[in-house]
Amino acid sequence: MTGSMRRGALLTMFLLGTSALATMPAARAADQPPPSPRVGHTSISPWLDRLARDIGRAKAIRDVKRLEYSYAQYSQFGLWNEMAGLFADNAVFINGAETVQGRAAIGRYFLSKFGGGHAGLAPGQLHTQLIDEPVINLAPDGLTAKGRWHGLSMLGRFGGDAEWQGDIRENEYIFENGAWKIARLHVYPQFGGPYETGWRTLEPDLKVVPYHYTPAEAGVPIPPAANDVLGERTETPDELALRLKQANGAIAALNDEDKIRNLQNAYGYYIDRKMWDDVTDLFTSDGVLEVGGVGVYNGTKGIRRALDRDGPAGLKYGQLNNHVQFDVTVTIAPGGNEARARGIDLGMLGNADQGTAFWSVAVFQNRYVKQNGIWHVREMRLFPVMKADYYKGWGKSAVVDPALPAQFAPDRPLPVGDHAAGGIPAFIEANPATGQPVDYPAGIAVIAKANLLGSSHADGAAPPPPADPKAALADAERRLAVSKAYDAVMNVSSAFAQWIDDFQWEKLGDLFADKGAREEPFSGFFIGPDHITRAEVTQWGWPQPTPRHNIPIHLRLQPVINVASDGRSANLTTRLFSIGASYDKAGSFSGAMYPNDQAVLEDGVWKLWSVAIDEFYYRSDTYENGWARIKPADPAAAAMHGPNVLLTAYPPDIPISGLGVREDGFDGGTGTPIEWPAIKPLWFSYKNPVSGRMPDHYWSDCVTCKVAPQTSFTANGFLDP
């Protein structure tokens with residue numbers, strides 16, 4: 001192979017998402033870009049080289065996340081060999097005090113430790129690992145990466161034991177033999193315990209797990225490349241046009257993945273609030289919904305009827321209908337007009353007015369189509385894994401829902417084969433590390449292998465790039481920047497929660513822009529890193545108390561991230577799934593929302609611009625009582641949580657009490673506080689991503705923008721997404 005042929009092959013690999021170009025010799029210093037592109041025969045070759053490299057590096061972040069999400073999905077069905085296949089040849093697996101080295105040995109460990117020597121799960125066994133809240137950093141050479149995750153495991157077997165496990169994972173990844181793989185998976189157990197008594201921290205003095213990143217590094221998932229691309233070479237106009245077309249296709253796939261994630265995560269919030277019109281809006285007119293064990297509902301009318309099985313639209317007093325989306329993998333089909341997503345749905349259900357509560361776990365496997373340039377759900381398939389009474393747990397409870405009234409009957413029965421009890425919903429995509437189809441344990445039924453509907457009538461062709469080569473390259477780089485921003489915003493969002501967990505207040509402040517604003521619950525907004533850090537220290541103290549008996553886990557999950565077209569600012573919505581663990585007593589949990597967060601690119605680093613928390617949407621007073629046997633708050637109390645210490649010790653720059661309707665019903669805000677089991681208003685920073693339907697509570701700007709216009713994007717030179 002000649003040098004020019006080799007370079008062309010490697011650049012093609014980059015357009016397909018690898019990072020092999022890091023092995024190529026450098027033509028110039030990495031921090032010295034080539035001169036501006038000229039319109040001509042060979043002039044844009046270096047820029048196409050650079051663009052291809054940058055696409056590969058952006059896709060590497062996604063590939064690393066896919067490894068971890070796939071690990072969780074394979075674990076859920078006891079696919080121990082597939083889990084081991086995600087590891088590099090000489091990988092290391094560390095679980096607390098246990099260390100295993102080498103992919104083959106790791107596979108044997110999984111088989112013995114998790115499977116009791118058998119492939120697959122035993123009847124009634126639950127092995128659900130929920131692994132999310134990533135902070136991922138690519139190395140400058142593009143061939144290795146590091147990632148930090150939170151893990152929450154629901155383990156046990158119906159008719160036997162049930163338990164919780166919670167951990168932090170600091171992992172390493174490597175590009176090996178043409179694919180990204182796990183090089184080191186290090187599980188640091190944090191809390192756990194039998195279901196009946198609840199979780200507790202595992203040590204009387206829980207140590208802080210070392211971080212692989214700093215605040216600045218969290219905001220730069222992809223650092224400058226260690227090596228630059230090659231210099232100019234001769235290519236024909238047709239060759240250049242083909243390479244630009246390949247680059248545009250690869251960038252479009254990244255942009256479309258962002259949109260699918262937003263669509264799926266928005267669906268979760270609409271389901272939570274029983275916003276049935278908004279859920280139905282997400283489907284194509286001929287879309288279908290398959291509910292495992294029930295049947296298939298056809299078209300928007302059928303889908304709406306399926307939703308009404310859970311009652312009329314809107315939450316009523318005491319109702320909890322949370323469906324938290326975890327471990328979502330997205331695949332864009334060739335051509336860019338169809339896509340698939342697979343993930344895990346954790347249900348927290350029940351009615352505090354009746355004292356009922358349930359856990360549920362399900363797998364969703366969805367198919368999407370692009371119509372008029374907008375992604376829609378075409379097939380949604382939900383496969384229940386477990387449903388248990390909260391007060392018994394999955395070791396002693398296996399809830400079977402009653403037969404449906406006739407008016408809610410499905411339009412058609414389940415497809416042949418989808419009736420199989422204990423069947424594994426088919427993994428349509430290959431193992432991301434081995435590239436091979438997923439291998440299932442002998443004797444296990446595999447369901448949902450075929451589509452419910454035939455070929456779609458997609459019409460999502462992307463507009464052609466500008467005719468001028470310089471303009472076409474600039475447009476491609478802008479669109480790539482949008483997807484790079486998506487991952488960077490997710491990084492700083494996760495880092496924000498992780499620094500809170502460990503009382504790292506100075507680092508937390510450093511995640512914010514110079515004019516960034518952070519809401520302290522029940523008091524108000526503090527502006528600027530120094531004010532934010534001082535507010536945290538004033539309220540919570542520093543350093544962290546020792547011995548460390550307690551740990552607060554703040555899981556910021558299910559992001560809807562809308563990035564501005566210039567790739568320099570973004571709006572962000574996340575849910576908060578908060579877990580409290582103590583060495584002395586059973587843990588607790590609560591739920592909140594961050595509906596109006598914003599982030600900006602400041603001096604080359606992504607920073608948080610505005611963070612506003614609305615809480616609590618549900619909570620437990622004790623583990624034993626859960627969310628459904630909690631005493632109603634006393635409306636006569638002058639302040640549900642007492643005067644916040646910050647109001648006198650270090651007053652906020654913008655008090656909550658001055659924010660008007662946006663804080664109506666929230667503690668410290670206006671009006672009478674609304675406390676669970678009463679239903680708080682849920683604000684949205686985005687309209688329905690398919691129909692554009694306006695939510696009842698819509699606030700697209702930062703929370704403080706109307707009372708302090710200087711805090712808005714517009715006043716500071718950023719675009720609203």
# chains A, B, ... in the order shown; residues from 1 in each chain; ligands from 1

$ closest_atom_pairs --of "segment 472-578 of chain A" --to "segment 236-252 of chain A" --cutoff "7 Å" --atoms "only C-alpha atoms" --output "JSON lines"
{"residue": "A:Ala476", "atom": "CA", "partner": "A:Asn248", "partner_atom": "CA", "distance": 6.4}
{"residue": "A:Arg479", "atom": "CA", "partner": "A:Ile251", "partner_atom": "CA", "distance": 6.9}
{"residue": "A:Leu480", "atom": "CA", "partner": "A:Ile251", "partner_atom": "CA", "distance": 5.7}

$ residues_around --residues "Asp272 of chain A" --least-positions-apart "4" --cutoff "8 Å" --atoms "only C-alpha atoms" --output "list in words"
Gly268, Leu320, Asn321, Asn322 and His323 of chain A

$ residues_around --residues "Trp359 of chain A" --least-positions-apart "5" --cutoff "9 Å" --atoms "only C-alpha atoms" --output "PyMOL selection string"
chain A and resi 346-350+386-390+393-394

$ write_last_selection --atoms "all heavy atoms" --output "short mmCIF file (atom, residue, chain, number, x, y, z; two decimals), in the first residue's frame"
data_model
loop_
_atom_site.label_atom_id
_atom_site.label_comp_id
_atom_site.auth_asym_id
_atom_site.auth_seq_id
_atom_site.Cartn_x
_atom_site.Cartn_y
_atom_site.Cartn_z
N LEU A 346 -36.72 2.30 34.73
CA LEU A 346 -36.96 2.04 36.15
C LEU A 346 -38.23 2.76 36.55
O LEU A 346 -38.30 3.99 36.51
CB LEU A 346 -35.79 2.52 37.00
CG LEU A 346 -36.00 2.43 38.52
CD1 LEU A 346 -36.11 0.98 38.97
CD2 LEU A 346 -34.87 3.13 39.27
N GLY A 347 -39.24 1.99 36.97
CA GLY A 347 -40.50 2.58 37.38
C GLY A 347 -40.60 2.74 38.88
O GLY A 347 -40.25 1.83 39.64
N MET A 348 -41.05 3.90 39.32
CA MET A 348 -41.38 4.18 40.72
C MET A 348 -42.82 4.63 40.71
O MET A 348 -43.14 5.75 40.32
CB MET A 348 -40.44 5.25 41.28
CG MET A 348 -38.97 4.90 41.14
SD MET A 348 -37.88 6.26 41.63
CE MET A 348 -38.12 6.27 43.40
N LEU A 349 -43.72 3.74 41.13
CA LEU A 349 -45.15 3.90 40.87
C LEU A 349 -45.93 3.83 42.17
O LEU A 349 -45.44 3.35 43.19
CB LEU A 349 -45.63 2.80 39.92
CG LEU A 349 -44.72 2.48 38.73
CD1 LEU A 349 -45.18 1.24 38.00
CD2 LEU A 349 -44.65 3.67 37.78
N GLY A 350 -47.17 4.30 42.12
CA GLY A 350 -48.03 4.12 43.28
C GLY A 350 -48.86 5.34 43.60
O GLY A 350 -48.90 6.32 42.85
N MET A 386 -39.62 -6.91 35.74
CA MET A 386 -40.00 -7.11 37.14
C MET A 386 -40.98 -6.03 37.56
O MET A 386 -40.86 -4.88 37.15
CB MET A 386 -38.74 -7.06 38.03
CG MET A 386 -39.01 -7.17 39.53
SD MET A 386 -39.43 -5.58 40.35
CE MET A 386 -37.87 -4.73 40.32
N LYS A 387 -41.97 -6.42 38.37
CA LYS A 387 -42.80 -5.47 39.09
C LYS A 387 -43.05 -6.04 40.47
O LYS A 387 -43.46 -7.20 40.61
CB LYS A 387 -44.13 -5.21 38.38
CG LYS A 387 -44.97 -4.11 39.06
CD LYS A 387 -46.23 -3.78 38.27
CE LYS A 387 -47.00 -2.64 38.94
NZ LYS A 387 -48.24 -2.30 38.19
N ALA A 388 -42.75 -5.24 41.50
CA ALA A 388 -42.83 -5.72 42.87
C ALA A 388 -43.44 -4.68 43.77
O ALA A 388 -43.24 -3.47 43.58
CB ALA A 388 -41.43 -6.11 43.39
N ASP A 389 -44.16 -5.14 44.77
CA ASP A 389 -44.69 -4.28 45.81
C ASP A 389 -43.52 -3.69 46.60
O ASP A 389 -42.63 -4.42 47.05
CB ASP A 389 -45.60 -5.09 46.73
CG ASP A 389 -46.31 -4.24 47.76
OD1 ASP A 389 -45.62 -3.55 48.55
OD2 ASP A 389 -47.54 -4.27 47.81
N TYR A 390 -43.50 -2.37 46.75
CA TYR A 390 -42.40 -1.72 47.46
C TYR A 390 -42.21 -2.30 48.86
O TYR A 390 -41.07 -2.50 49.32
CB TYR A 390 -42.65 -0.21 47.57
CG TYR A 390 -41.57 0.51 48.36
CD1 TYR A 390 -40.47 1.06 47.70
CD2 TYR A 390 -41.62 0.60 49.75
CE1 TYR A 390 -39.46 1.68 48.41
CE2 TYR A 390 -40.61 1.23 50.47
CZ TYR A 390 -39.53 1.76 49.79
OH TYR A 390 -38.53 2.36 50.49
N GLY A 393 -40.71 -6.07 48.30
CA GLY A 393 -39.49 -6.22 47.53
C GLY A 393 -39.60 -7.35 46.52
O GLY A 393 -40.52 -8.17 46.56
N TRP A 394 -38.65 -7.39 45.58
CA TRP A 394 -38.73 -8.35 44.48
C TRP A 394 -38.37 -9.77 44.90
O TRP A 394 -38.59 -10.70 44.13
CB TRP A 394 -37.86 -7.89 43.31
CG TRP A 394 -36.46 -7.51 43.70
CD1 TRP A 394 -35.39 -8.32 43.82
CD2 TRP A 394 -35.99 -6.19 44.00
NE1 TRP A 394 -34.27 -7.61 44.18
CE2 TRP A 394 -34.61 -6.29 44.29
CE3 TRP A 394 -36.59 -4.94 44.04
CZ2 TRP A 394 -33.83 -5.18 44.63
CZ3 TRP A 394 -35.82 -3.84 44.37
CH2 TRP A 394 -34.46 -3.96 44.66
#

$ residues_around --residues "Leu414 of chain A" --least-positions-apart "6" --cutoff "8 Å" --atoms "only C-alpha atoms" --output "number ranges by chain"
A: 290, 292-296

$ write_last_selection --atoms "N, CA and C atoms" --output "short mmCIF file (atom, residue, chain, number, x, y, z; two decimals), in the first residue's frame"
data_model
loop_
_atom_site.label_atom_id
_atom_site.label_comp_id
_atom_site.auth_asym_id
_atom_site.auth_seq_id
_atom_site.Cartn_x
_atom_site.Cartn_y
_atom_site.Cartn_z
N GLU A 290 -46.16 -1.68 21.52
CA GLU A 290 -46.29 -3.05 22.01
C GLU A 290 -46.02 -3.05 23.51
N GLY A 292 -45.54 -5.61 26.51
CA GLY A 292 -45.29 -7.02 26.77
C GLY A 292 -46.34 -7.63 27.67
N GLY A 293 -46.83 -8.81 27.29
CA GLY A 293 -47.85 -9.49 28.07
C GLY A 293 -49.25 -8.99 27.81
N VAL A 294 -49.39 -7.94 27.00
CA VAL A 294 -50.72 -7.36 26.75
C VAL A 294 -51.08 -7.44 25.27
N GLY A 295 -50.33 -6.75 24.42
CA GLY A 295 -50.63 -6.74 23.00
C GLY A 295 -50.09 -5.50 22.33
N VAL A 296 -50.60 -5.23 21.12
CA VAL A 296 -50.11 -4.14 20.29
C VAL A 296 -51.23 -3.14 20.05
#

$ select_by_dssp --residues "segment 552-689 of chain A" --states "alpha helix (DSSP H)" --output "count of residues only"
4

$ closest_residue --among "A:Ala564, A:Met593, A:Ile260, A:Ile551" --to "Gln190 of chain A" --atoms "only C-alpha atoms"
A:Ile551

$ residues_around --residues "Arg66 of chain A" --least-positions-apart "2" --cutoff "9 Å" --atoms "only C-alpha atoms" --output "PyMOL selection string"
chain A and resi 61-64+68-71+327-330+432

$ residues_around --residues "segment 209-215 of chain A" --least-positions-apart "5" --cutoff "7 Å" --atoms "only C-alpha atoms" --output "MDAnalysis selection string"
chainID A and resid 507 510:511

$ write_last_selection --atoms "C-alpha atoms" --output "compact mmCIF listing (two decimals), in the first residue's frame"
# COMPACT_ATOMS: atom_id res chain seq x y z
CA LYS A 507 -14.24 22.44 42.47
CA ASP A 510 -15.03 26.17 39.26
CA LEU A 511 -17.56 24.37 37.05

$ residues_around --residues "Glu663 of chain A" --least-positions-apart "4" --cutoff "12 Å" --atoms "only C-alpha atoms" --output "PyMOL selection string"
chain A and resi 519+521-524+612-615+655-659+667-674+680-683+697+699+703-704

$ write_last_selection --atoms "N, CA, C and O atoms" --output "compact mmCIF listing (two decimals), in the first residue's frame"
# COMPACT_ATOMS: atom_id res chain seq x y z
N GLU A 519 -28.55 28.04 42.07
CA GLU A 519 -29.58 28.16 43.08
C GLU A 519 -29.27 27.25 44.25
O GLU A 519 -29.09 26.04 44.08
N PRO A 521 -30.97 25.55 47.33
CA PRO A 521 -32.36 25.26 47.67
C PRO A 521 -32.86 26.09 48.84
O PRO A 521 -32.17 26.29 49.84
N PHE A 522 -34.05 26.61 48.66
CA PHE A 522 -34.80 27.30 49.71
C PHE A 522 -34.22 28.67 50.09
O PHE A 522 -34.63 29.26 51.06
N SER A 523 -33.23 29.16 49.32
CA SER A 523 -32.72 30.50 49.63
C SER A 523 -32.68 31.39 48.40
O SER A 523 -33.34 32.42 48.36
N GLY A 524 -31.88 31.04 47.38
CA GLY A 524 -31.81 31.89 46.20
C GLY A 524 -30.60 31.57 45.35
O GLY A 524 -29.95 30.54 45.51
N ALA A 612 -30.74 25.62 38.33
CA ALA A 612 -31.90 25.89 39.18
C ALA A 612 -32.56 24.57 39.55
O ALA A 612 -32.97 23.81 38.67
N ILE A 613 -32.66 24.29 40.83
CA ILE A 613 -33.26 23.04 41.29
C ILE A 613 -34.66 23.30 41.83
O ILE A 613 -34.90 24.24 42.59
N ASP A 614 -35.60 22.46 41.41
CA ASP A 614 -36.96 22.46 41.95
C ASP A 614 -37.14 21.16 42.73
O ASP A 614 -37.00 20.07 42.16
N GLU A 615 -37.46 21.26 44.03
CA GLU A 615 -37.61 20.05 44.84
C GLU A 615 -38.63 20.29 45.96
O GLU A 615 -38.95 21.43 46.27
N PRO A 655 -32.73 36.52 45.67
CA PRO A 655 -33.52 35.63 46.53
C PRO A 655 -34.65 34.96 45.77
O PRO A 655 -35.23 35.54 44.85
N ILE A 656 -34.97 33.74 46.18
CA ILE A 656 -36.08 33.01 45.56
C ILE A 656 -37.38 33.79 45.70
O ILE A 656 -38.21 33.81 44.78
N SER A 657 -37.55 34.44 46.82
CA SER A 657 -38.81 35.16 47.07
C SER A 657 -39.07 36.26 46.06
O SER A 657 -40.20 36.73 45.93
N GLY A 658 -38.05 36.67 45.32
CA GLY A 658 -38.24 37.73 44.34
C GLY A 658 -38.48 37.24 42.93
O GLY A 658 -38.53 38.04 42.00
N LEU A 659 -38.65 35.92 42.75
CA LEU A 659 -38.75 35.37 41.40
C LEU A 659 -40.18 35.14 40.93
O LEU A 659 -40.40 34.64 39.84
N ASP A 667 -40.59 25.91 48.24
CA ASP A 667 -40.15 26.44 49.53
C ASP A 667 -39.23 27.64 49.32
O ASP A 667 -38.27 27.58 48.56
N GLY A 668 -39.53 28.72 50.03
CA GLY A 668 -38.75 29.94 49.90
C GLY A 668 -39.26 30.86 48.82
O GLY A 668 -38.84 32.01 48.73
N GLY A 669 -40.16 30.33 47.97
CA GLY A 669 -40.69 31.14 46.89
C GLY A 669 -41.98 31.84 47.29
O GLY A 669 -42.22 32.13 48.46
N THR A 670 -42.83 32.08 46.28
CA THR A 670 -44.09 32.77 46.56
C THR A 670 -45.20 31.75 46.77
O THR A 670 -45.10 30.60 46.36
N GLY A 671 -46.25 32.19 47.43
CA GLY A 671 -47.40 31.32 47.65
C GLY A 671 -47.13 30.28 48.73
O GLY A 671 -46.07 30.22 49.35
N THR A 672 -48.12 29.42 48.95
CA THR A 672 -48.01 28.36 49.94
C THR A 672 -47.17 27.22 49.38
O THR A 672 -47.44 26.74 48.28
N PRO A 673 -46.15 26.75 50.09
CA PRO A 673 -45.34 25.64 49.58
C PRO A 673 -46.18 24.39 49.33
O PRO A 673 -47.08 24.06 50.10
N ILE A 674 -45.89 23.73 48.21
CA ILE A 674 -46.57 22.48 47.85
C ILE A 674 -45.63 21.35 48.20
O ILE A 674 -44.51 21.27 47.67
N LYS A 680 -46.33 19.11 42.78
CA LYS A 680 -45.72 20.39 42.40
C LYS A 680 -45.84 20.60 40.89
O LYS A 680 -45.93 19.65 40.12
N PRO A 681 -45.81 21.85 40.45
CA PRO A 681 -45.76 22.10 39.00
C PRO A 681 -44.40 21.69 38.44
O PRO A 681 -43.37 21.86 39.10
N LEU A 682 -44.41 21.13 37.25
CA LEU A 682 -43.17 20.78 36.56
C LEU A 682 -42.97 21.75 35.40
O LEU A 682 -43.79 21.82 34.49
N TRP A 683 -41.86 22.49 35.45
CA TRP A 683 -41.55 23.46 34.41
C TRP A 683 -40.74 22.80 33.31
O TRP A 683 -39.98 21.85 33.54
N HIS A 697 -46.47 24.68 31.86
CA HIS A 697 -45.49 25.50 32.59
C HIS A 697 -44.23 25.58 31.74
O HIS A 697 -43.40 24.67 31.74
N TRP A 699 -40.84 27.77 30.57
CA TRP A 699 -39.90 28.82 30.96
C TRP A 699 -38.58 28.52 30.24
O TRP A 699 -37.76 27.78 30.73
N VAL A 703 -33.87 30.90 34.99
CA VAL A 703 -34.92 31.21 35.96
C VAL A 703 -34.85 32.68 36.38
O VAL A 703 -35.87 33.33 36.62
N THR A 704 -33.65 33.24 36.45
CA THR A 704 -33.48 34.61 36.95
C THR A 704 -33.61 35.67 35.86
O THR A 704 -33.54 36.87 36.17

$ closest_atom_pairs --of "segment 423-515 of chain A" --to "segment 378-381 of chain A" --cutoff "10 Å" --atoms "only C-alpha atoms" --output "Markdown table"
| residue | atom | partner | partner_atom | distance |
| --- | --- | --- | --- | --- |
| A:Pro425 | CA | A:Arg381 | CA | 9.4 |
| A:Ala448 | CA | A:Arg381 | CA | 8.5 |
| A:Asn451 | CA | A:Glu379 | CA | 8.2 |
| A:Leu452 | CA | A:Glu379 | CA | 7.1 |
| A:Leu453 | CA | A:Glu379 | CA | 7.7 |
| A:Ser456 | CA | A:Arg378 | CA | 8.5 |

$ write_last_selection --atoms "N, CA and C atoms" --output "PDB file, in the first residue's frame"
ATOM      1  N   PRO A 425     -35.494  -9.815  24.914  1.00  0.00           N
ATOM      2  CA  PRO A 425     -35.696  -8.985  23.721  1.00  0.00           C
ATOM      3  C   PRO A 425     -34.418  -8.944  22.895  1.00  0.00           C
ATOM      4  N   ALA A 448     -38.941 -10.499  19.847  1.00  0.00           N
ATOM      5  CA  ALA A 448     -38.870  -9.188  19.171  1.00  0.00           C
ATOM      6  C   ALA A 448     -37.708  -9.117  18.188  1.00  0.00           C
ATOM      7  N   ASN A 451     -39.248  -6.519  12.982  1.00  0.00           N
ATOM      8  CA  ASN A 451     -39.985  -5.271  13.134  1.00  0.00           C
ATOM      9  C   ASN A 451     -41.483  -5.531  13.186  1.00  0.00           C
ATOM     10  N   LEU A 452     -42.202  -4.651  13.841  1.00  0.00           N
ATOM     11  CA  LEU A 452     -43.660  -4.732  13.852  1.00  0.00           C
ATOM     12  C   LEU A 452     -44.261  -4.172  12.571  1.00  0.00           C
ATOM     13  N   LEU A 453     -43.591  -3.187  11.979  1.00  0.00           N
ATOM     14  CA  LEU A 453     -44.071  -2.539  10.767  1.00  0.00           C
ATOM     15  C   LEU A 453     -43.045  -2.706   9.659  1.00  0.00           C
ATOM     16  N   SER A 456     -40.511   2.177   6.244  1.00  0.00           N
ATOM     17  CA  SER A 456     -41.141   3.459   6.543  1.00  0.00           C
ATOM     18  C   SER A 456     -41.107   4.371   5.330  1.00  0.00           C
TER      19      SER A 456
END

$ closest_residue --among "A:Ala97, A:Val187, A:Ala306, A:Met154" --to "Leu404 of chain A" --atoms "only C-alpha atoms"
A:Ala306

$ atom_distance --atom1 "atom CA of Ala226 of chain A" --atom2 "atom CA of Ala139 of chain A"
8.6 Å

$ atom_distance --atom1 "atom CA of Pro223 of chain A" --atom2 "atom CA of Asn596 of chain A"
27.9 Å

$ atom_distance --atom1 "atom CA of Ser360 of chain A" --atom2 "atom CA of Arg309 of chain A"
16.4 Å

$ closest_residue --among "A:Asp696, A:Phe326, A:Asp132, A:Gly395" --to "Glu163 of chain A" --atoms "only C-alpha atoms"
A:Gly395

$ select_by_dssp --residues "segment 454-634 of chain A" --states "strand (DSSP E or B)" --output "count of residues only"
69

$ closest_residue --among "A:Ile374, A:Ala105, A:Ile444, A:Ile428" --to "Gly78 of chain A" --atoms "only C-alpha atoms"
A:Ile444

$ decode --residues "segment 204-219 of chain A" --atoms "N, CA, C and O atoms" --output "compact mmCIF listing (two decimals), in the first residue's frame"
# COMPACT_ATOMS: atom_id res chain seq x y z
N PRO A 204 -17.53 2.60 58.10
CA PRO A 204 -17.84 3.70 59.04
C PRO A 204 -17.18 5.01 58.65
O PRO A 204 -17.60 6.08 59.10
N ASP A 205 -16.14 4.94 57.79
CA ASP A 205 -15.47 6.15 57.31
C ASP A 205 -15.23 5.97 55.81
O ASP A 205 -14.17 5.50 55.39
N LEU A 206 -16.22 6.33 55.03
CA LEU A 206 -16.19 6.08 53.59
C LEU A 206 -15.23 7.06 52.92
O LEU A 206 -15.36 8.28 53.06
N LYS A 207 -14.26 6.54 52.21
CA LYS A 207 -13.24 7.37 51.57
C LYS A 207 -13.77 7.93 50.24
O LYS A 207 -14.59 7.32 49.56
N VAL A 208 -13.24 9.09 49.87
CA VAL A 208 -13.58 9.70 48.59
C VAL A 208 -12.85 8.94 47.48
O VAL A 208 -11.64 8.73 47.55
N VAL A 209 -13.59 8.51 46.49
CA VAL A 209 -12.99 7.80 45.35
C VAL A 209 -12.22 8.81 44.50
O VAL A 209 -12.77 9.86 44.13
N PRO A 210 -10.96 8.54 44.19
CA PRO A 210 -10.16 9.50 43.40
C PRO A 210 -10.82 9.81 42.06
O PRO A 210 -11.38 8.93 41.40
N TYR A 211 -10.74 11.06 41.67
CA TYR A 211 -11.31 11.51 40.40
C TYR A 211 -10.24 11.49 39.32
O TYR A 211 -9.09 11.87 39.56
N HIS A 212 -10.66 11.14 38.11
CA HIS A 212 -9.71 11.19 36.99
C HIS A 212 -9.70 12.56 36.32
O HIS A 212 -8.89 12.79 35.42
N TYR A 213 -10.56 13.48 36.75
CA TYR A 213 -10.70 14.75 36.06
C TYR A 213 -10.72 15.91 37.04
O TYR A 213 -11.04 15.76 38.22
N THR A 214 -10.38 17.09 36.52
CA THR A 214 -10.52 18.36 37.23
C THR A 214 -11.77 19.07 36.69
O THR A 214 -12.32 18.65 35.66
N PRO A 215 -12.22 20.16 37.32
CA PRO A 215 -13.36 20.89 36.76
C PRO A 215 -13.12 21.34 35.31
O PRO A 215 -14.01 21.24 34.48
N ALA A 216 -11.91 21.84 35.03
CA ALA A 216 -11.63 22.28 33.67
C ALA A 216 -11.64 21.10 32.70
O ALA A 216 -12.13 21.22 31.57
N GLU A 217 -11.13 19.96 33.12
CA GLU A 217 -11.11 18.78 32.24
C GLU A 217 -12.51 18.23 32.00
O GLU A 217 -12.79 17.69 30.93
N ALA A 218 -13.40 18.38 33.00
CA ALA A 218 -14.78 17.95 32.78
C ALA A 218 -15.39 18.70 31.62
O ALA A 218 -16.17 18.13 30.84
N GLY A 219 -15.05 19.98 31.48
CA GLY A 219 -15.61 20.80 30.41
C GLY A 219 -14.89 20.69 29.09
O GLY A 219 -15.24 21.40 28.14
